[in-house]
file structure-v7.cif (mmCIF, C-alpha atoms and all ligand atoms)
data_coords
loop_
_atom_site.label_atom_id
_atom_site.label_comp_id
_atom_site.auth_asym_id
_atom_site.auth_seq_id
_atom_site.Cartn_x
_atom_site.Cartn_y
_atom_site.Cartn_z
CA MET A 1 297.20 179.32 229.69
CA THR A 2 295.24 178.86 226.47
CA ILE A 3 295.37 175.51 224.76
CA ASN A 4 294.36 175.09 221.16
CA ASN A 5 291.64 172.54 220.49
CA ASN A 6 293.82 169.75 219.06
CA VAL A 7 296.38 169.93 221.82
CA SER A 8 293.72 170.17 224.50
CA GLN A 9 291.97 167.04 223.19
CA GLU A 10 295.28 165.16 223.33
CA LEU A 11 296.07 166.57 226.75
CA PHE A 12 292.65 165.68 228.13
CA ASP A 13 293.13 162.12 226.91
CA ILE A 14 296.50 161.92 228.70
CA ILE A 15 294.95 163.32 231.88
CA TRP A 16 292.03 160.89 231.63
CA GLN A 17 294.36 157.92 231.17
CA ASN A 18 296.64 159.00 234.00
CA GLN A 19 293.99 159.55 236.61
CA SER A 20 294.57 157.38 239.68
CA THR A 21 290.83 156.83 240.07
CA ALA A 22 289.25 154.11 237.97
CA VAL A 23 286.73 155.91 235.75
CA MET A 24 284.10 154.02 233.74
CA LEU A 25 281.41 155.25 231.42
CA LEU A 26 278.32 153.02 231.30
CA ASP A 27 275.35 153.14 228.98
CA GLU A 28 271.79 152.68 230.19
CA ASN A 29 272.17 148.89 230.04
CA TYR A 30 275.21 149.00 232.33
CA LYS A 31 277.59 148.17 229.49
CA LEU A 32 281.01 149.78 229.58
CA ILE A 33 281.65 152.06 226.68
CA TYR A 34 284.76 153.87 227.87
CA THR A 35 287.34 153.40 230.64
CA ASN A 36 290.77 154.64 231.64
CA ASN A 37 294.04 152.83 232.46
CA SER A 38 293.31 152.77 236.18
CA THR A 39 290.19 150.71 235.51
CA SER A 40 292.29 148.04 233.79
CA GLU A 41 294.77 148.10 236.68
CA LEU A 42 292.00 147.83 239.26
CA LEU A 43 290.11 145.04 237.52
CA GLY A 44 293.23 143.21 236.29
CA LEU A 45 291.71 143.12 232.79
CA GLY A 46 292.80 144.69 229.50
CA PRO A 47 290.62 147.34 227.85
CA LYS A 48 289.51 144.90 225.14
CA ARG A 49 288.15 142.52 227.76
CA ILE A 50 286.33 145.39 229.47
CA LEU A 51 284.75 147.47 226.71
CA GLY A 52 281.28 146.44 225.62
CA GLN A 53 280.89 144.12 228.63
CA HIS A 54 278.16 144.26 231.21
CA PHE A 55 279.40 145.71 234.50
CA ASP A 56 278.56 142.50 236.43
CA SER A 57 280.74 140.36 234.17
CA LEU A 58 283.87 142.22 235.34
CA PHE A 59 283.72 140.66 238.80
CA ASN A 60 283.42 137.22 240.35
CA TYR A 61 281.33 138.90 243.01
CA HIS A 62 280.42 142.45 243.96
CA SER A 63 278.11 144.10 246.49
CA ILE A 64 277.81 147.27 244.42
CA ASP A 65 274.16 148.27 244.30
CA LEU A 66 274.37 149.65 240.81
CA LYS A 67 270.62 150.12 240.55
CA SER A 68 270.45 152.33 243.62
CA ILE A 69 273.51 154.41 242.97
CA THR A 70 272.57 155.04 239.36
CA GLN A 71 268.82 155.32 239.93
CA TYR A 72 268.95 158.63 241.78
CA SER A 73 271.59 160.04 239.50
CA TYR A 74 269.39 159.22 236.51
CA VAL A 75 266.38 160.82 238.09
CA ASP A 76 267.82 163.85 239.78
CA GLY A 77 271.17 164.38 238.12
CA ILE A 78 272.90 164.23 241.51
CA ASP A 79 276.00 162.38 242.65
CA CYS A 80 275.38 159.10 244.47
CA TYR A 81 277.87 157.16 246.54
CA GLN A 82 278.38 153.69 247.87
CA HIS A 83 281.08 153.28 250.48
CA ARG A 84 283.08 150.15 251.25
CA ALA A 85 281.49 147.87 248.67
CA ASP A 86 283.07 144.39 248.68
CA VAL A 87 284.31 143.10 245.35
CA VAL A 88 286.08 139.95 244.18
CA PHE A 89 287.79 140.42 240.83
CA ILE A 90 287.99 137.81 238.06
CA ASP A 91 291.54 136.92 239.19
CA ALA A 92 290.22 136.21 242.75
CA ARG A 93 291.74 139.30 244.40
CA HIS A 94 289.34 141.03 246.71
CA ALA A 95 289.00 144.71 247.68
CA LYS A 96 286.78 147.35 249.20
CA LEU A 97 285.70 150.12 246.85
CA THR A 98 284.07 153.49 247.20
CA ILE A 99 282.02 154.28 244.13
CA SER A 100 280.48 157.55 243.04
CA SER A 101 278.16 157.91 240.10
CA ARG A 102 277.04 160.88 238.05
CA GLN A 103 274.71 161.18 235.13
CA ILE A 104 276.03 162.59 231.87
CA LYS A 105 273.82 163.68 228.97
CA PHE A 106 275.49 163.72 225.59
CA LYS A 107 273.82 163.94 222.16
CA ASN A 108 270.43 162.64 223.32
CA HIS A 109 272.01 159.77 225.24
CA ILE A 110 272.31 159.32 228.95
CA TYR A 111 275.47 157.79 230.39
CA MET A 112 276.62 156.98 233.89
CA LEU A 113 280.06 158.07 234.92
CA LEU A 114 281.36 155.76 237.67
CA GLU A 115 284.45 156.57 239.68
CA CYS A 116 285.87 153.74 241.81
CA ARG A 117 288.50 154.12 244.47
CA GLN A 118 290.09 151.25 246.36
CA THR A 119 289.77 152.07 250.05
CA ASP A 120 291.45 149.05 251.73
CA ASP A 121 294.58 151.03 252.61
CA GLU A 122 292.53 153.95 253.85
CA ILE A 123 290.39 151.67 256.04
CA LYS A 124 293.46 149.90 257.42
CA HIS A 125 295.12 153.23 258.09
CA ASN A 126 291.99 154.49 259.88
CA GLN A 127 291.77 151.32 261.94
CA ALA A 128 295.44 151.57 262.92
CA SER A 129 295.06 155.24 263.74
CA ASN A 130 291.89 154.59 265.81
CA GLN A 131 293.63 151.81 267.66
CA MET A 132 296.58 154.07 268.46
CA HIS A 133 294.31 156.86 269.70
CA GLN A 134 292.31 154.46 271.83
CA TYR A 135 295.52 153.13 273.31
CA GLN A 136 296.68 156.69 274.04
CA ALA A 137 293.30 157.55 275.57
CA ALA A 138 293.38 154.45 277.77
CA ARG A 139 296.90 155.30 278.94
CA ASN A 140 295.85 158.89 279.68
CA LEU A 141 292.87 157.62 281.60
CA ILE A 142 294.96 155.25 283.70
CA ARG A 143 297.62 157.88 284.35
CA GLY A 144 295.03 160.50 285.24
CA LEU A 145 293.18 158.12 287.50
CA ALA A 146 296.34 156.99 289.23
CA HIS A 147 297.26 160.61 289.85
CA GLU A 148 293.80 161.57 291.15
CA ILE A 149 293.60 158.54 293.44
CA LYS A 150 297.13 158.69 294.77
CA ASN A 151 296.80 162.15 296.34
CA PRO A 152 293.79 161.49 298.59
CA LEU A 153 295.11 158.00 299.37
CA GLY A 154 298.35 159.53 300.60
CA GLY A 155 296.33 161.88 302.81
CA ILE A 156 294.22 159.04 304.20
CA ARG A 157 297.27 156.92 304.98
CA GLY A 158 299.08 159.80 306.69
CA ALA A 159 296.03 160.67 308.81
CA ALA A 160 295.52 157.02 309.77
CA GLN A 161 299.15 156.75 310.87
CA LEU A 162 298.80 159.84 313.05
CA LEU A 163 295.57 158.48 314.46
CA GLN A 164 297.35 155.34 315.55
CA TYR A 165 299.61 157.15 318.04
CA GLU A 166 297.67 160.35 318.74
CA VAL A 167 296.23 160.62 322.22
CA ASP A 168 294.91 164.16 322.04
CA GLN A 169 291.18 163.93 321.19
CA GLN A 170 291.13 167.20 319.20
CA GLU A 171 294.00 165.99 317.01
CA ARG A 172 292.27 162.62 316.57
CA ASP A 173 289.08 164.40 315.45
CA GLN A 174 291.07 166.41 312.93
CA CYS A 175 292.61 163.23 311.52
CA ALA A 176 289.22 161.57 311.24
CA GLU A 177 287.86 164.65 309.48
CA LEU A 178 290.72 164.57 307.01
CA ILE A 179 290.07 160.91 306.27
CA ILE A 180 286.38 161.61 305.63
CA GLU A 181 287.23 164.60 303.43
CA GLN A 182 289.65 162.63 301.27
CA ALA A 183 287.29 159.66 301.03
CA ASP A 184 284.57 162.05 299.83
CA ARG A 185 286.99 163.44 297.24
CA LEU A 186 287.55 159.92 295.95
CA ARG A 187 283.83 159.21 295.84
CA GLU A 188 283.22 162.44 293.94
CA LEU A 189 285.87 161.43 291.43
CA VAL A 190 284.25 158.04 290.89
CA ASP A 191 280.83 159.68 290.50
CA ARG A 192 282.17 162.09 287.89
CA LEU A 193 283.91 159.26 286.07
CA LEU A 194 280.72 157.23 285.96
CA GLY A 195 278.97 160.26 284.50
CA PRO A 196 275.44 161.47 284.99
CA ASN A 197 273.37 158.76 286.65
CA GLN A 198 269.98 160.42 286.31
CA LEU A 199 267.82 160.43 283.24
CA PRO A 200 267.32 163.91 281.82
CA GLN A 201 264.25 165.77 283.08
CA LYS A 202 263.05 167.28 279.83
CA THR A 203 260.66 170.19 279.47
CA TYR A 204 259.90 172.62 276.66
CA GLY A 205 261.93 175.75 277.00
CA ASN A 206 263.56 178.62 275.19
CA ILE A 207 267.18 177.82 274.38
CA HIS A 208 268.23 181.47 274.52
CA GLN A 209 267.16 181.67 278.15
CA THR A 210 269.40 178.69 278.89
CA LEU A 211 272.28 180.38 277.07
CA GLU A 212 271.72 183.66 278.90
CA SER A 213 272.03 181.86 282.26
CA VAL A 214 275.30 180.27 281.06
CA ILE A 215 276.59 183.74 280.22
CA LYS A 216 275.68 184.97 283.72
CA LEU A 217 277.24 181.93 285.43
CA SER A 218 280.45 182.28 283.44
CA THR A 219 280.46 186.04 284.13
CA LEU A 220 281.35 186.39 280.49
CA ASP A 221 279.35 189.60 280.23
CA ASN A 222 281.66 191.19 282.85
CA CYS A 223 284.91 189.95 281.36
CA THR A 224 287.06 192.86 280.29
CA ASN A 225 289.53 191.16 277.97
CA ILE A 226 287.06 188.75 276.34
CA ARG A 227 284.43 190.09 273.94
CA LEU A 228 281.19 188.18 273.82
CA LYS A 229 279.24 188.05 270.56
CA LYS A 230 275.72 186.66 270.45
CA ASP A 231 274.34 185.53 267.14
CA TYR A 232 270.93 184.10 268.00
CA ASP A 233 268.22 183.02 265.59
CA PRO A 234 265.09 184.41 267.30
CA SER A 235 262.79 182.20 265.22
CA ILE A 236 263.94 179.02 266.98
CA PRO A 237 260.93 177.35 268.61
CA ASP A 238 260.97 175.94 272.15
CA VAL A 239 263.03 172.78 272.49
CA TYR A 240 262.34 169.72 274.60
CA ILE A 241 265.49 169.42 276.70
CA ASP A 242 266.79 169.14 280.24
CA GLN A 243 267.69 172.82 280.65
CA GLY A 244 270.08 172.16 283.55
CA LYS A 245 272.05 169.53 281.67
CA VAL A 246 272.33 171.52 278.45
CA GLN A 247 273.40 174.48 280.58
CA GLN A 248 276.13 172.33 282.16
CA VAL A 249 277.39 171.30 278.70
CA VAL A 250 277.49 174.82 277.30
CA LEU A 251 279.02 176.18 280.51
CA ASN A 252 281.95 173.74 280.30
CA ILE A 253 282.56 174.62 276.65
CA VAL A 254 282.36 178.35 277.35
CA ARG A 255 284.70 177.98 280.35
CA ASN A 256 287.16 176.02 278.23
CA ALA A 257 287.10 178.86 275.69
CA GLN A 258 287.61 181.45 278.46
CA GLN A 259 290.54 179.45 279.82
CA ALA A 260 292.03 179.17 276.34
CA LEU A 261 291.82 182.93 275.76
CA VAL A 262 294.58 183.80 278.21
CA ASP A 263 295.51 186.92 276.25
CA GLY A 264 291.89 187.90 275.62
CA GLY A 265 289.83 187.48 272.49
CA GLU A 266 286.31 186.83 271.30
CA ILE A 267 283.75 184.15 272.06
CA THR A 268 280.71 183.79 269.80
CA ILE A 269 277.57 181.94 270.79
CA LYS A 270 275.41 181.18 267.78
CA THR A 271 272.09 179.37 267.41
CA ARG A 272 270.55 178.11 264.19
CA ILE A 273 268.04 175.60 262.91
CA ASN A 274 269.75 172.85 260.97
CA HIS A 275 267.14 171.40 258.63
CA GLN A 276 268.93 168.26 257.50
CA HIS A 277 271.19 167.35 260.37
CA ARG A 278 272.96 164.07 259.56
CA ARG A 279 273.46 161.82 262.57
CA PRO A 280 275.85 158.86 262.41
CA GLY A 281 273.81 155.75 261.68
CA LYS A 282 270.47 157.57 261.88
CA ALA A 283 268.15 159.35 259.48
CA PRO A 284 268.70 163.10 259.00
CA LYS A 285 266.47 165.21 261.19
CA LYS A 286 265.72 168.86 261.90
CA ALA A 287 267.98 169.94 264.74
CA LEU A 288 268.88 172.91 266.85
CA LEU A 289 272.50 173.93 266.46
CA ILE A 290 274.32 175.68 269.29
CA GLN A 291 277.77 176.76 268.20
CA ILE A 292 280.37 178.13 270.62
CA SER A 293 283.46 179.46 268.91
CA ASP A 294 286.53 181.37 270.00
CA ASN A 295 289.56 182.89 268.33
CA GLY A 296 292.08 181.42 270.78
CA PRO A 297 295.11 179.24 270.05
CA GLY A 298 293.08 176.16 269.04
CA ILE A 299 293.02 172.65 270.46
CA HIS A 300 296.51 171.27 270.88
CA HIS A 301 297.21 168.62 268.22
CA SER A 302 298.32 166.06 270.83
CA ILE A 303 294.80 165.79 272.29
CA LYS A 304 292.68 166.49 269.22
CA GLU A 305 291.90 162.86 268.40
CA THR A 306 290.97 161.92 271.96
CA LEU A 307 289.30 165.19 272.93
CA PHE A 308 286.04 163.66 274.14
CA TYR A 309 287.68 160.81 276.06
CA PRO A 310 287.72 161.07 279.86
CA MET A 311 290.86 162.55 281.41
CA THR A 312 292.09 164.14 278.21
CA THR A 313 293.49 167.41 279.41
CA ASN A 314 296.52 169.61 279.10
CA LYS A 315 295.56 171.96 281.91
CA GLU A 316 297.33 172.21 285.19
CA GLY A 317 294.76 170.85 287.65
CA GLY A 318 292.24 170.02 284.91
CA SER A 319 290.39 166.74 285.32
CA GLY A 320 289.70 166.34 281.60
CA LEU A 321 286.18 165.20 282.32
CA GLY A 322 284.26 168.26 281.07
CA LEU A 323 283.93 167.24 277.41
CA SER A 324 283.43 163.57 278.13
CA ILE A 325 280.52 164.42 280.46
CA ALA A 326 279.22 166.90 277.85
CA GLN A 327 279.15 164.13 275.27
CA THR A 328 277.23 161.80 277.61
CA LEU A 329 274.67 164.52 278.36
CA ILE A 330 274.14 165.40 274.70
CA ASP A 331 273.90 161.70 273.89
CA GLN A 332 271.08 161.44 276.45
CA HIS A 333 269.24 164.00 274.31
CA ASP A 334 269.79 161.90 271.19
CA GLY A 335 272.01 164.75 270.05
CA TYR A 336 275.51 165.05 268.76
CA ILE A 337 278.54 167.17 269.57
CA ASP A 338 281.62 167.80 267.45
CA CYS A 339 284.58 170.10 267.32
CA ASP A 340 286.58 171.81 264.58
CA SER A 341 289.74 173.59 265.50
CA TRP A 342 292.83 175.16 264.00
CA PRO A 343 295.18 177.88 265.29
CA GLY A 344 293.08 181.01 265.76
CA HIS A 345 289.74 179.23 265.68
CA THR A 346 287.92 176.61 267.74
CA GLU A 347 284.27 175.76 267.41
CA PHE A 348 282.09 173.30 269.24
CA ASN A 349 278.80 172.37 267.56
CA ILE A 350 276.00 170.90 269.63
CA TYR A 351 273.11 169.45 267.66
CA LEU A 352 269.86 168.74 269.52
CA PRO A 353 267.15 167.13 267.40
CA PHE A 354 263.69 168.66 267.61
CA THR A 355 261.13 166.16 268.85
CA ASP A 356 258.27 165.46 266.48
N1 LIG B 1 288.24 176.35 273.21
C1 LIG B 1 289.33 175.64 273.44
N2 LIG B 1 290.54 176.07 272.99
C2 LIG B 1 291.65 175.33 273.18
N3 LIG B 1 291.68 174.13 273.85
C3 LIG B 1 290.52 173.67 274.32
C4 LIG B 1 289.28 174.38 274.14
N4 LIG B 1 288.31 173.62 274.67
C5 LIG B 1 288.88 172.51 275.18
N5 LIG B 1 290.21 172.55 274.97
C6 LIG B 1 291.19 171.50 275.37
O1 LIG B 1 290.48 170.32 275.64
C7 LIG B 1 290.88 169.76 276.89
C8 LIG B 1 289.74 168.97 277.47
O2 LIG B 1 288.68 169.79 277.91
P1 LIG B 1 287.72 169.28 279.07
O3 LIG B 1 286.70 170.32 279.31
O4 LIG B 1 287.25 167.91 278.74
O5 LIG B 1 288.68 169.12 280.32
P2 LIG B 1 289.43 170.26 281.15
O6 LIG B 1 288.84 171.60 280.82
O7 LIG B 1 290.90 170.10 280.94
O8 LIG B 1 289.08 169.83 282.62
P3 LIG B 1 287.63 169.97 283.36
O9 LIG B 1 286.67 170.54 282.38
O10 LIG B 1 287.27 168.58 283.72
O11 LIG B 1 287.90 170.85 284.49
C9 LIG B 1 291.30 170.97 277.70
O12 LIG B 1 292.26 170.59 278.68
C10 LIG B 1 291.91 171.88 276.64
O13 LIG B 1 293.27 171.57 276.45
MG MG B 2 286.70 171.92 280.84
#
call {"tool": "encode", "arguments": {"input": "structure-v7.cif", "output": "structure tokens"}}
result
Amino acid sequence: MTINNNVSQELFDIIWQNQSTAVMLLDENYKLIYTNNSTSELLGLGPKRILGQHFDSLFNYHSIDLKSITQYSYVDGIDCYQHRADVVFIDARHAKLTISSRQIKFKNHIYMLLECRQTDDEIKHNQASNQMHQYQAARNLIRGLAHEIKNPLGGIRGAAQLLQYEVDQQERDQCAELIIEQADRLRELVDRLLGPNQLPQKTYGNIHQTLESVIKLSTLDNCTNIRLKKDYDPSIPDVYIDQGKVQQVVLNIVRNAQQALVDGGEITIKTRINHQHRRPGKAPKKALLIQISDNGPGIHHSIKETLFYPMTTNKEGGSGLGLSIAQTLIDQHDGYIDCDSWPGHTEFNIYLPFTD
């Protein structure tokens, strides 16, 4: 569609005024020189009261670090963000805002374009959704535990009952053996639930050797209906890790992929160096990325949000502990593991920071 200049100017103005995001144009002294309707709605002030005013005078209080978010945009011409800034408007309402800023150069002047979005609803929605998923995960855990404990307990009780009346020594020995066996099963369950109790034994090693042993253990290279693709970056230097534990993590993920590919398919194991890996709450660091992907049916939506919680499983006989243990082990390496999945594609990314 071509729009002639006059119409397009008019149309752009309508679009600008109808944007749901509050957009403000500031000069270098932080004075507002242009805004849209959403800004008035957000601030509870008419355009006349806003235009020409200093940004600070539009609030009773705000924690927006205008200097920081505009500083880098001025210098580098990049977008800067501040999330969840607290503001109290002139009419005493309060809100949480996410602000992005971008530098605009126009006729030898530099302006800052600020976009503000109220995120209270989003935050509340996230909190409610997190709470629901935690509740679901806790219920799953209790149900799973009850199930895992009930079976051996039943066995122990039955054997003890037999023991009570059994006179034949051989039968009595068998009952005692059964009790020991089931008690061991329970102890093993508790140990797995508690997770790894040893600190990782780290040494420098080649990650591709670790991956090759996973491939051997999973017998993936002999699988007829599953193709294995390796996409290694040979320039990756030795990493300081507990080879056995990383092997255990990758093996569980590869086995999960194998189990998901019931009708066959492809598993790709990829390694890369991630130069600016962002870690939640920590400074970005150079990291090794191990990605295991498959073209299976994808993670079922009902368990997606609680995937890394213990006892999240939809497998017959699965304990649902594999990924939760994997997360603990990667955490012990100061690393990070995440998953992206949709029908036809699932990928697990393991990030292991390089030590300095
Ligand atoms: N590649 C994958 N494709 C589809 N679903 C997957 C994939 N990987 C994991 N899942 C789902 O995630 C669930 C949790 O995996 P996890 O390894 O924690 O436990 P599990 O495999 O069920 O049991 P365990 O590993 O303890 O024997 C699995 O039951 C499966 O439904
Ligand atoms: Mg598993």
call {"tool": "closest_residue", "arguments": {"input": "structure-v7.cif", "among": "A:Ile15, A:Ala137, A:Leu329, A:Ala257", "to": "ligand LIG 1 (chain B)", "atoms": "all atoms listed in the file"}}
result
A:Ala257
call {"tool": "residues_near_ligand", "arguments": {"input": "structure-v7.cif", "ligand": "ligand LIG 1 (chain B)", "cutoff": "10 Å", "atoms": "all atoms listed in the file", "output": "PyMOL selection string"}}
result
chain A and resi 192+249+251-261+267+292-304+306-327+339-348
call {"tool": "atom_distance", "arguments": {"input": "structure-v7.cif", "atom1": "CA of Gly52 (chain A)", "atom2": "CA of Asp86 (chain A)"}}
result
23.2 Å
call {"tool": "atom_distance", "arguments": {"input": "structure-v7.cif", "atom1": "CA of Leu26 (chain A)", "atom2": "CA of Arg93 (chain A)"}}
result
23.2 Å
call {"tool": "residues_around", "arguments": {"input": "structure-v7.cif", "residues": "Asn274 (chain A)", "least_positions_apart": "4", "cutoff": "8 Å", "atoms": "only C-alpha atoms", "output": "VMD selection string"}}
result
chain A and resid 286 to 289
call {"tool": "residues_around", "arguments": {"input": "structure-v7.cif", "residues": "Phe89 (chain A)", "least_positions_apart": "5", "cutoff": "12 Å", "atoms": "all atoms listed in the file", "output": "PyMOL selection string"}}
result
chain A and resi 39-45+55-63+94-97
call {"tool": "closest_residue", "arguments": {"input": "structure-v7.cif", "among": "A:Gln248, A:Asn108, A:Gln276, A:Asn206", "to": "ligand MG 2 (chain B)", "atoms": "all atoms listed in the file"}}
result
A:Gln248
call {"tool": "residues_around", "arguments": {"input": "structure-v7.cif", "residues": "His109 (chain A)", "least_positions_apart": "2", "cutoff": "12 Å", "atoms": "only C-alpha atoms", "output": "list in words"}}
result
Leu26, Asp27, Glu28, Asn29, Tyr74, Gln103, Ile104, Lys105, Phe106, Lys107, Tyr111 and Met112 of chain A
call {"tool": "atom_distance", "arguments": {"input": "structure-v7.cif", "atom1": "CA of Gln53 (chain A)", "atom2": "CA of Lys31 (chain A)"}}
result
5.3 Å
call {"tool": "residues_around", "arguments": {"input": "structure-v7.cif", "residues": "Gln332 (chain A)", "least_positions_apart": "5", "cutoff": "10 Å", "atoms": "only C-alpha atoms", "output": "ChimeraX atom specification"}}
result
/A:196,198-200,241-242,245,326-327
call {"tool": "residues_around", "arguments": {"input": "structure-v7.cif", "residues": "Gln243 (chain A)", "least_positions_apart": "5", "cutoff": "12 Å", "atoms": "only C-alpha atoms", "output": "list in words"}}
result
Pro200, Gln201, Lys202, Thr203, Tyr204, Gly205, Asn206, Ile207, His208, Gln209, Thr210, Leu211, Glu212, Ser213, Val214, Asp238, Gln248, Val249, Val250, Leu251, Leu329, Ile330 and His333 of chain A
call {"tool": "write_last_selection", "arguments": {"input": "structure-v7.cif", "atoms": "C-alpha atoms", "output": "short mmCIF file (atom, residue, chain, number, x, y, z; two decimals), in the frame of the given file"}}
result
data_model
loop_
_atom_site.label_atom_id
_atom_site.label_comp_id
_atom_site.auth_asym_id
_atom_site.auth_seq_id
_atom_site.Cartn_x
_atom_site.Cartn_y
_atom_site.Cartn_z
CA PRO A 200 267.32 163.91 281.82
CA GLN A 201 264.25 165.77 283.08
CA LYS A 202 263.05 167.28 279.83
CA THR A 203 260.66 170.19 279.47
CA TYR A 204 259.90 172.62 276.66
CA GLY A 205 261.93 175.75 277.00
CA ASN A 206 263.56 178.62 275.19
CA ILE A 207 267.18 177.82 274.38
CA HIS A 208 268.23 181.47 274.52
CA GLN A 209 267.16 181.67 278.15
CA THR A 210 269.40 178.69 278.89
CA LEU A 211 272.28 180.38 277.07
CA GLU A 212 271.72 183.66 278.90
CA SER A 213 272.03 181.86 282.26
CA VAL A 214 275.30 180.27 281.06
CA ASP A 238 260.97 175.94 272.15
CA GLN A 248 276.13 172.33 282.16
CA VAL A 249 277.39 171.30 278.70
CA VAL A 250 277.49 174.82 277.30
CA LEU A 251 279.02 176.18 280.51
CA LEU A 329 274.67 164.52 278.36
CA ILE A 330 274.14 165.40 274.70
CA HIS A 333 269.24 164.00 274.31
#
call {"tool": "residues_near_point", "arguments": {"input": "structure-v7.cif", "point": "(292.2, 158.8, 306.7)", "cutoff": "9 Å", "atoms": "all atoms listed in the file", "output": "NGL selection string"}}
result
:A and (152-161 or 163 or 175-183)
call {"tool": "build_atoms", "arguments": {"input": "structure-v7.cif", "residues": "region 223-236 of chain A", "atoms": "N, CA, C and O atoms", "output": "tab-separated table (two decimals), keeping the file's coordinate frame"}}
result
chain	number	residue	atom	x	y	z
A	223	CYS	N	283.49	190.18	281.67
A	223	CYS	CA	284.91	189.95	281.36
A	223	CYS	C	285.46	191.12	280.56
A	223	CYS	O	284.86	191.51	279.55
A	224	THR	N	286.58	191.67	281.00
A	224	THR	CA	287.06	192.86	280.29
A	224	THR	C	287.86	192.51	279.04
A	224	THR	O	287.73	193.17	278.02
A	225	ASN	N	288.65	191.42	279.13
A	225	ASN	CA	289.53	191.16	277.97
A	225	ASN	C	288.93	190.15	276.99
A	225	ASN	O	289.56	189.79	276.01
A	226	ILE	N	287.71	189.67	277.29
A	226	ILE	CA	287.06	188.75	276.34
A	226	ILE	C	285.75	189.37	275.85
A	226	ILE	O	284.87	189.70	276.65
A	227	ARG	N	285.67	189.56	274.52
A	227	ARG	CA	284.43	190.09	273.94
A	227	ARG	C	283.46	188.93	273.72
A	227	ARG	O	283.86	187.85	273.29
A	228	LEU	N	282.21	189.21	274.02
A	228	LEU	CA	281.19	188.18	273.82
A	228	LEU	C	280.28	188.61	272.67
A	228	LEU	O	279.76	189.73	272.65
A	229	LYS	N	280.13	187.73	271.68
A	229	LYS	CA	279.24	188.05	270.56
A	229	LYS	C	278.10	187.04	270.57
A	229	LYS	O	278.33	185.83	270.66
A	230	LYS	N	276.87	187.57	270.51
A	230	LYS	CA	275.72	186.66	270.45
A	230	LYS	C	275.16	186.73	269.04
A	230	LYS	O	274.97	187.81	268.49
A	231	ASP	N	274.90	185.58	268.48
A	231	ASP	CA	274.34	185.53	267.14
A	231	ASP	C	273.17	184.54	267.18
A	231	ASP	O	273.29	183.39	266.75
A	232	TYR	N	272.07	184.99	267.78
A	232	TYR	CA	270.93	184.10	268.00
A	232	TYR	C	269.95	184.17	266.83
A	232	TYR	O	269.76	185.23	266.26
A	233	ASP	N	269.33	183.04	266.55
A	233	ASP	CA	268.22	183.02	265.59
A	233	ASP	C	266.92	183.09	266.42
A	233	ASP	O	266.53	182.10	267.04
A	234	PRO	N	266.26	184.26	266.41
A	234	PRO	CA	265.09	184.41	267.30
A	234	PRO	C	263.90	183.55	266.89
A	234	PRO	O	262.97	183.37	267.67
A	235	SER	N	263.96	182.98	265.67
A	235	SER	CA	262.79	182.20	265.22
A	235	SER	C	262.81	180.76	265.73
A	235	SER	O	261.91	179.98	265.44
A	236	ILE	N	263.85	180.40	266.49
A	236	ILE	CA	263.94	179.02	266.98
A	236	ILE	C	262.80	178.72	267.97
A	236	ILE	O	262.64	179.44	268.96
